[in-house]
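Participant: One structure, as C-alpha cells, below. Some questions next.
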There are 2 protein chains.
Amino acid sequence: MLTDRQKMILRMVVDDYVVSAEPIGSRTISKHPNLGLSAATIRNEMADLEEMGYLEQPHASAGRIPSQQGYRYYVDNLVNSDSKLSVDDFTMIKSLFTEKIDEMERVAQQTAVMLSGLTQYTGLVLGPQVYDTVLKNLQIIPLNDHSAVVIVVTSTGQVQNRTVTFPEGIAMDEVERLVGIVNHRLQGTPMYKMRSRMLEEIMHEVARSVGDYEEAIRLLDQIAPTIGLENEAKVYLGGATNMLLQPEFQDVQKVQPVLSWLEHRDRVIEALKSDGRVVQHPSVRIGIENDVKTLQDCSLITATYHVSGVPVGVIGVVGPTRMEYGRVIRLLHHVSLGLSELYSKFYNGS
Amino acid sequence: MLTDRQKMILRMVVDDYVVSAEPIGSRTISKHPNLGLSAATIRNEMADLEEMGYLEQPHASAGRIPSQQGYRYYVDNLVNSDSKLSVDDFTMIKSLFTEKIDEMERVAQQTAVMLSGLTQYTGLVLGPQVYDTVLKNLQIIPLNDHSAVVIVVTSTGQVQNRTVTFPEGIAMDEVERLVGIVNHRLQGTPMYKMRSRMLEEIMHEVARSVGDYEEAIRLLDQIAPTIGLENEAKVYLGGATNMLLQPEFQDVQKVQPVLSWLEHRDRVIEALKSDGRVVQHPSVRIGIENDVKTLQDCSLITATYHVSGVPVGVIGVVGPTRMEYGRVIRLLHHVSLGLSELYSKFYNGS
DNA sequence: AATTAGCACTCGACGCATTTGAGTGCTAAC
DNA sequence: GTTAGCACTCAAATGCGTCGAGTGCTAATT
C-alpha cells in the first residue's frame with residue numbers, strides 16, 4: 001500500500017513524464033507548488049517507489065520513469081475517469097455526432113480519424129456488428145447467363161453482396177422462384193441460423209428445381225457466405241502514422257513492427273475483439289498486458305459501444321505506454337456513448 | 001548524346017546502386033567482367049557523366065550515385081521493358097490470377113498486396129471504375145417507418161447501397177410503385193445520365209404520389225448520390241510499411257510525410273488518376289516529376305488496366321527513387337494485362 | 001589520341017579520450 | 001522525519017587522430 005505522499009509523487013512522475021518523455025528527477029518534483037518538500041525527501045520516496053516496482057531508472061544517474069506496473073497503478077487508482085472532458089474535446093466530439101452523416105460506414109471511419117486527431121495516437125473503430133440481426137430481404141439480380149449478384153439486407157440495414165457464377169444448366173426462373181421461397185420462408189430468421197435453416201427448409205426445393213443435389217449444394221455454398229456470418233466486422237484506422245511522431249518511436253526498427261501490425265486488419269480485429277474479457281470500462285491494456293508481443297511498448301485502450309444495451313462494436317486508441325491515460329479514457333468513454341446513441345437511433349428507426 | 005561506353009557505365013552505376021544503396025566507385029565498375037577498362041578511365045567517364053548531370057556525388061571523396069536525370073535516362077533508354085519476367089515473378093503473378101476469387105473487391109486488394117510483396121515497395125490499386133455502366137436494378141428495401149436501404153446494381157455487377165430516411169408523410173406503397181417505375185423506365189440507362197433522366201422522366205410521377213414537389217426533390221436527392229457517379233473509385237494499398245525497410249527512409253523524419261501521404265486515400269487517388277496524362281506505358285514518374293512535393297524522393301510507376309479496351313483502373317508502385325525500374329515496369333505491365341483479362345472476363349460474362 | 005599507372009589529396013566514418021552536467025545515494029545536521 | 005551537503009555515476013556531447021575508399025591530376029604507356 002502506498003502512502004498518500006507516494007501516490008502524489010507517482011502521479012506527478014507519470015503526469016510529467018507523459019508530456020516530456022524525459023526521465024523525471026527529484027528536483028523537478030520538489031519544485032511542484034502544492035508540495036513543500038525538498039529534493040532529498042523526494043529522492044528517498046522515489047527510491048522506495050522504485051524498490052516497490054512502480055518506477056524505474058533508465059540508468060544509474062538518471063531521473064525516474066514509470067514502470068508498466070507504475071502505469072497500471074496510476075490507471076487503477078490515480079485516474080478519475082468520470083471527471084470532465086476539456087471544453088475543446090467536448091465540442092470536437094459533439095460536432096462529429098451532430099453532423100448529419102447518412103452513410104453509416106463513414107461514421108466509423110470518421111470516428112477513427114477523430115480519435116487520432118484528438119489524441120495524436122492511432123484511432124481504431126471496430127464494427128458495428130449486430131449479432132441478433134435477422135434477414136430482411138434476399139435478392140438475386142442476374143447479370144448474364146452465368147453470373148448474378150446476391151444481395152442480402154438485414155434488419156439493421158446492413159447490405160452485403162457477392163457475385164456468384166451459377167452451376168451449368170440451372171434456369172434463371174428457377175433461381176427466381178427459389179429467391180421467392182427464401183424470402184417467404186426465411187424472412188425474420190436470425191442471420192446466424194441462416195445456414196442451417198436454409199439447408200433444412202430449402203434444400204429439397206433446390207434439389208427439385210436443379211434436379212441434382214450436388215449442384216444444389218454448390219449453388220448454396222456460393223450464396224451462403226454472403227448470407228452467413230461472414231459479416232465479419234470491419235476495422236477502421238485513423239492516424240496510424242501518428243506513431244511516427246512519438247519520441248519513443250523515432251527509431252525505425254522500433255515502429256516498423258507496430259505499423260506493420262496495424263496494417264494487418266485481421267490481427268487488429270482480433271485484438272479489439274478480446275476487449276470483452278476485460279472488466280473495467282474503458283479497458284486499458286498496458287505494454288506486456290497485450291497478448292500481442294508486437295505491442296509490448298504500446299498501450300491499447302478500448303471501449304465498447306452498444307445498440308439497445310447490446311455491445312456491437314469497439315473503439316480504441318493505440319499509443320506508446322507513455323500515454324495520457326486519463327484523457328484518453330475520458331475521451332473513449334464519451335465517444336462510445338455518442339456512437340451508441342447514434343447507432344441506436346439509426347437501427348431502431350430515427 | 002552519350003557514347004555507348006557512357007551508356008554502359010551509367011547502366012552499371014544504376015544497376016549496382018539500386019541493389020547496394022551505396023555510392024559506386026570507379027574501381028567497382030572497372031571490375032565488371034565484360035568491360036576491360038581501368039579504374040582511371042572510368043573515373044574520367046564518370047566525371048563527364050557528372051558534368052552532364054547524369055551522376056552526382058554525395059560528397060567530394062565518395063563514389064557516384066545516379067541523379068534523377070540519370071534515372072530518367074536509364075528508364076527512357078536503358079531499360080528493355082519487354083524483356084522477360086523472372087520465372088519466380090511469373091509464377092507468382094500467375095498464381096494470383098488463376099486462383100478463383102469471387103469477390104471482385106478482394107482481387108484489387110490482393111493485387112496491391114502482391115505488388116508490394118514482389119517489389120518490397122508499396123503497391124497501389126485504383127478502381128476498377130467502369131464509366132459506361134448502365135442501371136441493372138434499383139431496390140428500395142424498407143427497414144421501418146422512416147428509413148430504407150437503397151440498393152443499386154449496375155450491369156457490371158457493382159452494388160452500391162445507402163440508408164435513407166424518408167420525408168414525412170410518404171407512404172411505403174407509393175415508394176414501391178416508384179421503384180417499379182424507375183426499374184421499368186430507366187433500366188439500361190447509363191449511370192452518368194441517371195440524375196437528369198430521373199428528374200425529367202420520373203419527376204412528375206414522384207410529385208403525383210408525394211403530392212409535393214419539394215418533398216419529392218428531397219427524396220430524390222437522397223437517392224441520387226447512391227445512384228449517381230458517386231461510385232468514386234476506391235484505392236487499395238499493400239505494404240505501406242515496406243517504406244520503412246528502405247535504407248533511404250531509415251530516418252523517421254523522412255518517411256513520416258510519405259506514409260502520411262499514403263494514409264490519405266483521396267490524395268493517392270488523385271496521383272494515380274493523373275496517370276492518364278503520361279505517354280509511356282507503364283508510366284514512370286521519378287522524384288520531382290511527381291506533382292506531389294511529398295514524393296520528391298520517391299518514384300511512382302503506374303499502369304492502367306482495361307475492360308474491352310477501355311481503361312478502367314490503375315495499378316502502381318511507390319518506392320524510393322532508387323528503384324528497380326526495369327523489373328517493376330515489367331511486373332506492372334504483366335499484372336495490368338492479367339487484371340484486364342480477369343475483369344474483362346468478369347464484366348463481359350465469363 | 002586514348003588508356004593507364006601512380007600519387008597526393010579529400011572527407012566521412014570510426015574509435016577513443018575528455019569534459020560536462022543532471023541526477024543520484026549517503027551521511028550528518030536540523 | 002526532513003533537509004543540506006557532498007562525493008559519485010554515467011550518458012551525452014565534444015574534440016582529436018586514424019583509416020580508407022575514392023577522387024582528380026599528371027605523366028608514362030600503348
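In the C-alpha cells, chains take letters A, B, ... by order of appearance, with residues numbered from 1 within each chain and ligands from 1 in the order shown.
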Check every residue of chain A for an atom within 8 Å of chain B, counting only C-alpha atoms, and provide those that qualify as a PDB file with N, CA and C atoms, in the first residue's frame.

Facilitator:
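Final output, saved to result39.pdb:
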ATOM      1  N   ASP A 102     -25.136  10.289 -43.524  1.00  0.00           N
ATOM      2  CA  ASP A 102     -26.111   9.241 -43.795  1.00  0.00           C
ATOM      3  C   ASP A 102     -25.477   7.926 -44.224  1.00  0.00           C
ATOM      4  N   GLU A 103     -24.190   7.984 -44.547  1.00  0.00           N
ATOM      5  CA  GLU A 103     -23.546   6.707 -44.805  1.00  0.00           C
ATOM      6  C   GLU A 103     -22.959   6.208 -43.507  1.00  0.00           C
ATOM      7  N   MET A 104     -23.484   5.104 -43.040  1.00  0.00           N
ATOM      8  CA  MET A 104     -23.065   4.616 -41.738  1.00  0.00           C
ATOM      9  C   MET A 104     -21.598   4.191 -41.725  1.00  0.00           C
ATOM     10  N   LYS A 136     -33.805  -9.569 -43.732  1.00  0.00           N
ATOM     11  CA  LYS A 136     -34.873  -8.680 -44.167  1.00  0.00           C
ATOM     12  C   LYS A 136     -35.248  -9.020 -45.602  1.00  0.00           C
ATOM     13  N   ASN A 137     -34.236  -9.217 -46.394  1.00  0.00           N
ATOM     14  CA  ASN A 137     -34.527  -9.416 -47.800  1.00  0.00           C
ATOM     15  C   ASN A 137     -33.345 -10.051 -48.524  1.00  0.00           C
ATOM     16  N   ILE A 141     -29.848 -10.729 -58.449  1.00  0.00           N
ATOM     17  CA  ILE A 141     -30.017  -9.965 -59.676  1.00  0.00           C
ATOM     18  C   ILE A 141     -29.130 -10.581 -60.750  1.00  0.00           C
ATOM     19  N   LEU A 143     -26.918 -11.037 -63.931  1.00  0.00           N
ATOM     20  CA  LEU A 143     -26.132 -10.121 -64.760  1.00  0.00           C
ATOM     21  C   LEU A 143     -26.062 -10.625 -66.197  1.00  0.00           C
ATOM     22  N   ASN A 144     -25.851 -11.901 -66.317  1.00  0.00           N
ATOM     23  CA  ASN A 144     -25.849 -12.534 -67.636  1.00  0.00           C
ATOM     24  C   ASN A 144     -26.182 -14.003 -67.428  1.00  0.00           C
ATOM     25  N   ASP A 145     -25.897 -14.827 -68.416  1.00  0.00           N
ATOM     26  CA  ASP A 145     -26.338 -16.216 -68.330  1.00  0.00           C
ATOM     27  C   ASP A 145     -25.687 -16.998 -67.197  1.00  0.00           C
ATOM     28  N   HIS A 146     -24.496 -16.560 -66.825  1.00  0.00           N
ATOM     29  CA  HIS A 146     -23.762 -17.399 -65.889  1.00  0.00           C
ATOM     30  C   HIS A 146     -23.613 -16.816 -64.497  1.00  0.00           C
ATOM     31  N   SER A 147     -23.787 -15.513 -64.399  1.00  0.00           N
ATOM     32  CA  SER A 147     -23.496 -14.924 -63.096  1.00  0.00           C
ATOM     33  C   SER A 147     -24.607 -13.986 -62.639  1.00  0.00           C
ATOM     34  N   ALA A 148     -24.606 -13.752 -61.363  1.00  0.00           N
ATOM     35  CA  ALA A 148     -25.616 -12.896 -60.770  1.00  0.00           C
ATOM     36  C   ALA A 148     -25.045 -12.300 -59.498  1.00  0.00           C
ATOM     37  N   VAL A 149     -25.685 -11.247 -59.034  1.00  0.00           N
ATOM     38  CA  VAL A 149     -25.282 -10.636 -57.776  1.00  0.00           C
ATOM     39  C   VAL A 149     -26.263 -11.072 -56.701  1.00  0.00           C
ATOM     40  N   VAL A 153     -30.008  -8.126 -47.330  1.00  0.00           N
ATOM     41  CA  VAL A 153     -30.262  -6.971 -46.472  1.00  0.00           C
ATOM     42  C   VAL A 153     -30.734  -7.483 -45.119  1.00  0.00           C
ATOM     43  N   SER A 155     -32.038  -6.728 -41.034  1.00  0.00           N
ATOM     44  CA  SER A 155     -32.995  -5.833 -40.389  1.00  0.00           C
ATOM     45  C   SER A 155     -32.337  -4.546 -39.916  1.00  0.00           C
ATOM     46  N   THR A 156     -31.002  -4.562 -39.786  1.00  0.00           N
ATOM     47  CA  THR A 156     -30.313  -3.363 -39.318  1.00  0.00           C
ATOM     48  C   THR A 156     -29.856  -2.483 -40.468  1.00  0.00           C
ATOM     49  N   GLY A 157     -30.200  -2.894 -41.677  1.00  0.00           N
ATOM     50  CA  GLY A 157     -29.848  -2.061 -42.815  1.00  0.00           C
ATOM     51  C   GLY A 157     -28.474  -2.357 -43.379  1.00  0.00           C
ATOM     52  N   VAL A 159     -25.988  -4.161 -45.728  1.00  0.00           N
ATOM     53  CA  VAL A 159     -26.123  -4.776 -47.040  1.00  0.00           C
ATOM     54  C   VAL A 159     -24.845  -5.520 -47.362  1.00  0.00           C
ATOM     55  N   ASN A 161     -23.061  -8.058 -50.391  1.00  0.00           N
ATOM     56  CA  ASN A 161     -23.284  -8.572 -51.731  1.00  0.00           C
ATOM     57  C   ASN A 161     -22.075  -9.334 -52.224  1.00  0.00           C
ATOM     58  N   ARG A 162     -22.314 -10.153 -53.197  1.00  0.00           N
ATOM     59  CA  ARG A 162     -21.261 -11.018 -53.727  1.00  0.00           C
ATOM     60  C   ARG A 162     -21.702 -11.466 -55.109  1.00  0.00           C
ATOM     61  N   THR A 163     -20.733 -11.568 -55.975  1.00  0.00           N
ATOM     62  CA  THR A 163     -21.057 -12.044 -57.308  1.00  0.00           C
ATOM     63  C   THR A 163     -20.824 -13.544 -57.376  1.00  0.00           C
ATOM     64  N   VAL A 164     -21.800 -14.266 -57.888  1.00  0.00           N
ATOM     65  CA  VAL A 164     -21.651 -15.720 -57.971  1.00  0.00           C
ATOM     66  C   VAL A 164     -21.822 -16.161 -59.417  1.00  0.00           C
ATOM     67  N   GLY A 239      -4.965   7.775 -38.404  1.00  0.00           N
ATOM     68  CA  GLY A 239      -3.711   8.319 -37.869  1.00  0.00           C
ATOM     69  C   GLY A 239      -2.678   7.293 -37.486  1.00  0.00           C
ATOM     70  N   ALA A 240      -2.552   6.246 -38.282  1.00  0.00           N
ATOM     71  CA  ALA A 240      -1.527   5.245 -37.990  1.00  0.00           C
ATOM     72  C   ALA A 240      -0.143   5.882 -37.972  1.00  0.00           C
ATOM     73  N   THR A 241       0.045   6.871 -38.821  1.00  0.00           N
ATOM     74  CA  THR A 241       1.372   7.492 -38.884  1.00  0.00           C
ATOM     75  C   THR A 241       1.643   8.412 -37.700  1.00  0.00           C
ATOM     76  N   LEU A 244       4.682   7.695 -35.666  1.00  0.00           N
ATOM     77  CA  LEU A 244       5.997   8.211 -36.044  1.00  0.00           C
ATOM     78  C   LEU A 244       6.308   9.533 -35.358  1.00  0.00           C
ATOM     79  N   GLN A 250      11.118   7.049 -32.551  1.00  0.00           N
ATOM     80  CA  GLN A 250      11.946   7.718 -33.552  1.00  0.00           C
ATOM     81  C   GLN A 250      12.850   6.729 -34.269  1.00  0.00           C
ATOM     82  N   ASP A 251      13.027   5.579 -33.660  1.00  0.00           N
ATOM     83  CA  ASP A 251      13.852   4.552 -34.296  1.00  0.00           C
ATOM     84  C   ASP A 251      12.976   3.692 -35.209  1.00  0.00           C
ATOM     85  N   VAL A 252      13.339   3.676 -36.480  1.00  0.00           N
ATOM     86  CA  VAL A 252      12.533   2.947 -37.456  1.00  0.00           C
ATOM     87  C   VAL A 252      12.385   1.481 -37.067  1.00  0.00           C
ATOM     88  N   GLN A 256       8.536  -0.023 -36.967  1.00  0.00           N
ATOM     89  CA  GLN A 256       8.200  -0.868 -38.106  1.00  0.00           C
ATOM     90  C   GLN A 256       7.246  -2.002 -37.711  1.00  0.00           C
ATOM     91  N   LEU A 259       3.660  -0.559 -36.887  1.00  0.00           N
ATOM     92  CA  LEU A 259       2.896  -0.124 -38.062  1.00  0.00           C
ATOM     93  C   LEU A 259       2.536  -1.324 -38.922  1.00  0.00           C
ATOM     94  N   SER A 260       3.447  -2.247 -39.003  1.00  0.00           N
ATOM     95  CA  SER A 260       3.184  -3.435 -39.791  1.00  0.00           C
ATOM     96  C   SER A 260       2.023  -4.226 -39.186  1.00  0.00           C
ATOM     97  N   GLU A 263      -1.169  -2.755 -40.074  1.00  0.00           N
ATOM     98  CA  GLU A 263      -1.519  -2.932 -41.477  1.00  0.00           C
ATOM     99  C   GLU A 263      -2.353  -4.195 -41.696  1.00  0.00           C
ATOM    100  N   GLY A 349     -34.678   3.002 -35.915  1.00  0.00           N
ATOM    101  CA  GLY A 349     -35.508   3.915 -36.686  1.00  0.00           C
ATOM    102  C   GLY A 349     -35.504   5.271 -36.029  1.00  0.00           C
ATOM    103  N   SER A 350     -35.055   6.251 -36.775  1.00  0.00           N
ATOM    104  CA  SER A 350     -34.869   7.577 -36.174  1.00  0.00           C
ATOM    105  C   SER A 350     -36.190   8.278 -35.956  1.00  0.00           C
TER     106      SER A 350
END

Participant: Would you mind listing what lies within 12 Å of C:DA22 as a PDB file with N, CA and C atoms (P, O5', C5', C4', C3', O3' and C1' of nucleotides), in the first residue's frame, with only C-alpha atoms (C1' of nucleotides) counted and same-chain residues fewer than 2 positions away left out?

Facilitator:
ATOM      1  N   GLU A  22      10.889  12.577 -20.926  1.00  0.00           N
ATOM      2  CA  GLU A  22      12.246  12.518 -20.383  1.00  0.00           C
ATOM      3  C   GLU A  22      12.165  12.065 -18.931  1.00  0.00           C
ATOM      4  N   PRO A  23      13.160  11.327 -18.470  1.00  0.00           N
ATOM      5  CA  PRO A  23      13.174  10.897 -17.067  1.00  0.00           C
ATOM      6  C   PRO A  23      13.001  12.086 -16.132  1.00  0.00           C
ATOM      7  N   ILE A  24      12.263  11.877 -15.057  1.00  0.00           N
ATOM      8  CA  ILE A  24      11.945  12.961 -14.134  1.00  0.00           C
ATOM      9  C   ILE A  24      12.850  12.876 -12.905  1.00  0.00           C
ATOM     10  N   GLY A  25      13.526  13.960 -12.599  1.00  0.00           N
ATOM     11  CA  GLY A  25      14.416  13.967 -11.445  1.00  0.00           C
ATOM     12  C   GLY A  25      13.734  14.479 -10.193  1.00  0.00           C
ATOM     13  N   SER A  26      14.392  14.260  -9.072  1.00  0.00           N
ATOM     14  CA  SER A  26      13.789  14.644  -7.790  1.00  0.00           C
ATOM     15  C   SER A  26      13.585  16.158  -7.709  1.00  0.00           C
ATOM     16  N   ARG A  27      14.500  16.931  -8.245  1.00  0.00           N
ATOM     17  CA  ARG A  27      14.384  18.392  -8.208  1.00  0.00           C
ATOM     18  C   ARG A  27      13.107  18.857  -8.900  1.00  0.00           C
ATOM     19  N   THR A  28      12.842  18.276 -10.056  1.00  0.00           N
ATOM     20  CA  THR A  28      11.650  18.670 -10.819  1.00  0.00           C
ATOM     21  C   THR A  28      10.400  18.513  -9.976  1.00  0.00           C
ATOM     22  N   ALA A  60      21.834   4.455 -14.039  1.00  0.00           N
ATOM     23  CA  ALA A  60      22.053   4.783 -12.627  1.00  0.00           C
ATOM     24  C   ALA A  60      21.884   6.256 -12.281  1.00  0.00           C
ATOM     25  N   SER A  61      22.405   7.152 -13.104  1.00  0.00           N
ATOM     26  CA  SER A  61      22.345   8.553 -12.690  1.00  0.00           C
ATOM     27  C   SER A  61      21.331   9.365 -13.490  1.00  0.00           C
ATOM     28  N   ALA A  62      20.214   8.748 -13.742  1.00  0.00           N
ATOM     29  CA  ALA A  62      19.168   9.470 -14.474  1.00  0.00           C
ATOM     30  C   ALA A  62      17.963   9.653 -13.568  1.00  0.00           C
ATOM     31  N   GLY A  63      16.986  10.384 -14.021  1.00  0.00           N
ATOM     32  CA  GLY A  63      15.744  10.510 -13.275  1.00  0.00           C
ATOM     33  C   GLY A  63      14.947   9.221 -13.361  1.00  0.00           C
TER      34      GLY A  63
ATOM     35  P    DT C  20      34.637  21.013 -18.957  1.00  0.00           P
ATOM     36  O5'  DT C  20      33.094  20.677 -18.978  1.00  0.00           O
ATOM     37  C5'  DT C  20      32.454  20.489 -20.246  1.00  0.00           C
ATOM     38  C4'  DT C  20      31.011  20.092 -20.019  1.00  0.00           C
ATOM     39  C3'  DT C  20      30.400  20.648 -18.742  1.00  0.00           C
ATOM     40  O3'  DT C  20      29.151  21.232 -19.062  1.00  0.00           O
ATOM     41  C1'  DT C  20      30.074  18.307 -18.846  1.00  0.00           C
ATOM     42  P    DT C  24      17.258  11.940  -9.250  1.00  0.00           P
ATOM     43  O5'  DT C  24      18.206  10.874  -8.570  1.00  0.00           O
ATOM     44  C5'  DT C  24      18.643   9.752  -9.319  1.00  0.00           C
ATOM     45  C4'  DT C  24      19.862   9.163  -8.646  1.00  0.00           C
ATOM     46  C3'  DT C  24      19.643   8.840  -7.185  1.00  0.00           C
ATOM     47  O3'  DT C  24      19.555   7.442  -6.989  1.00  0.00           O
ATOM     48  C1'  DT C  24      21.707  10.027  -7.521  1.00  0.00           C
TER      49       DT C  24
ATOM     50  P    DT D   9      31.546   6.014  -8.319  1.00  0.00           P
ATOM     51  O5'  DT D   9      30.344   6.171  -9.339  1.00  0.00           O
ATOM     52  C5'  DT D   9      29.010   5.954  -8.878  1.00  0.00           C
ATOM     53  C4'  DT D   9      28.068   6.177 -10.034  1.00  0.00           C
ATOM     54  C3'  DT D   9      28.587   5.656 -11.380  1.00  0.00           C
ATOM     55  O3'  DT D   9      27.563   4.895 -11.968  1.00  0.00           O
ATOM     56  C1'  DT D   9      27.929   7.922 -11.572  1.00  0.00           C
ATOM     57  P    DC D  10      27.880   3.813 -13.053  1.00  0.00           P
ATOM     58  O5'  DC D  10      27.234   4.525 -14.308  1.00  0.00           O
ATOM     59  C5'  DC D  10      25.932   5.116 -14.185  1.00  0.00           C
ATOM     60  C4'  DC D  10      25.712   6.036 -15.352  1.00  0.00           C
ATOM     61  C3'  DC D  10      26.360   5.539 -16.654  1.00  0.00           C
ATOM     62  O3'  DC D  10      25.421   5.700 -17.678  1.00  0.00           O
ATOM     63  C1'  DC D  10      27.010   7.747 -16.215  1.00  0.00           C
ATOM     64  P    DA D  11      25.518   4.800 -18.988  1.00  0.00           P
ATOM     65  O5'  DA D  11      24.793   5.779 -20.002  1.00  0.00           O
ATOM     66  C5'  DA D  11      23.512   6.300 -19.626  1.00  0.00           C
ATOM     67  C4'  DA D  11      23.300   7.642 -20.277  1.00  0.00           C
ATOM     68  C3'  DA D  11      23.511   7.670 -21.785  1.00  0.00           C
ATOM     69  O3'  DA D  11      22.514   8.495 -22.342  1.00  0.00           O
ATOM     70  C1'  DA D  11      25.019   9.184 -20.742  1.00  0.00           C
ATOM     71  P    DA D  12      22.403   8.673 -23.872  1.00  0.00           P
ATOM     72  O5'  DA D  12      23.065  10.102 -24.076  1.00  0.00           O
ATOM     73  C5'  DA D  12      22.599  11.192 -23.296  1.00  0.00           C
ATOM     74  C4'  DA D  12      23.376  12.422 -23.696  1.00  0.00           C
ATOM     75  C3'  DA D  12      23.674  12.507 -25.192  1.00  0.00           C
ATOM     76  O3'  DA D  12      23.507  13.848 -25.609  1.00  0.00           O
ATOM     77  C1'  DA D  12      25.692  12.563 -23.997  1.00  0.00           C
TER      78       DA D  12
END

Participant: Show me, as a list in words, the residues of chain D whose atoms get within 12 Å of chain B, using only C-alpha atoms (C1' of nucleotides) for the distance check.

Facilitator: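 So the contacting residues turn out to be DG20, DA21, DG22, DT23, DG24 and DC25 of chain D.
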
Participant: May I have the residues within 12 Å of D:DC16 as a VMD selection string, using only C-alpha atoms (C1' of nucleotides) and disregarding those fewer than 3 positions away in the same chain?

Facilitator: chain C and resid 15 to 18

Participant: Which value, in Å to one decimal, gives the distance between atom C1' of C:DA8 and atom CA of B:Glu45?

Facilitator: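 Straight-line distance from atom C1' of C:DA8 to atom CA of B:Glu45 works out to 21.2 Å.
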
Participant: Calculated over only C-alpha atoms (C1' of nucleotides), which of the candidates B:Ser20, B:Thr41, B:Gln6, B:Gln109 has the smallest distance to chain C?

Facilitator: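 Closest residue, counting only C-alpha atoms (C1' of nucleotides): B:Thr41.
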
Participant: Mind pulling up the distance from atom CA of A:Val268 to atom CA of A:Val307?

Facilitator: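 We find that atom CA of A:Val307 and atom CA of A:Val268 lie 22.3 Å from each other.
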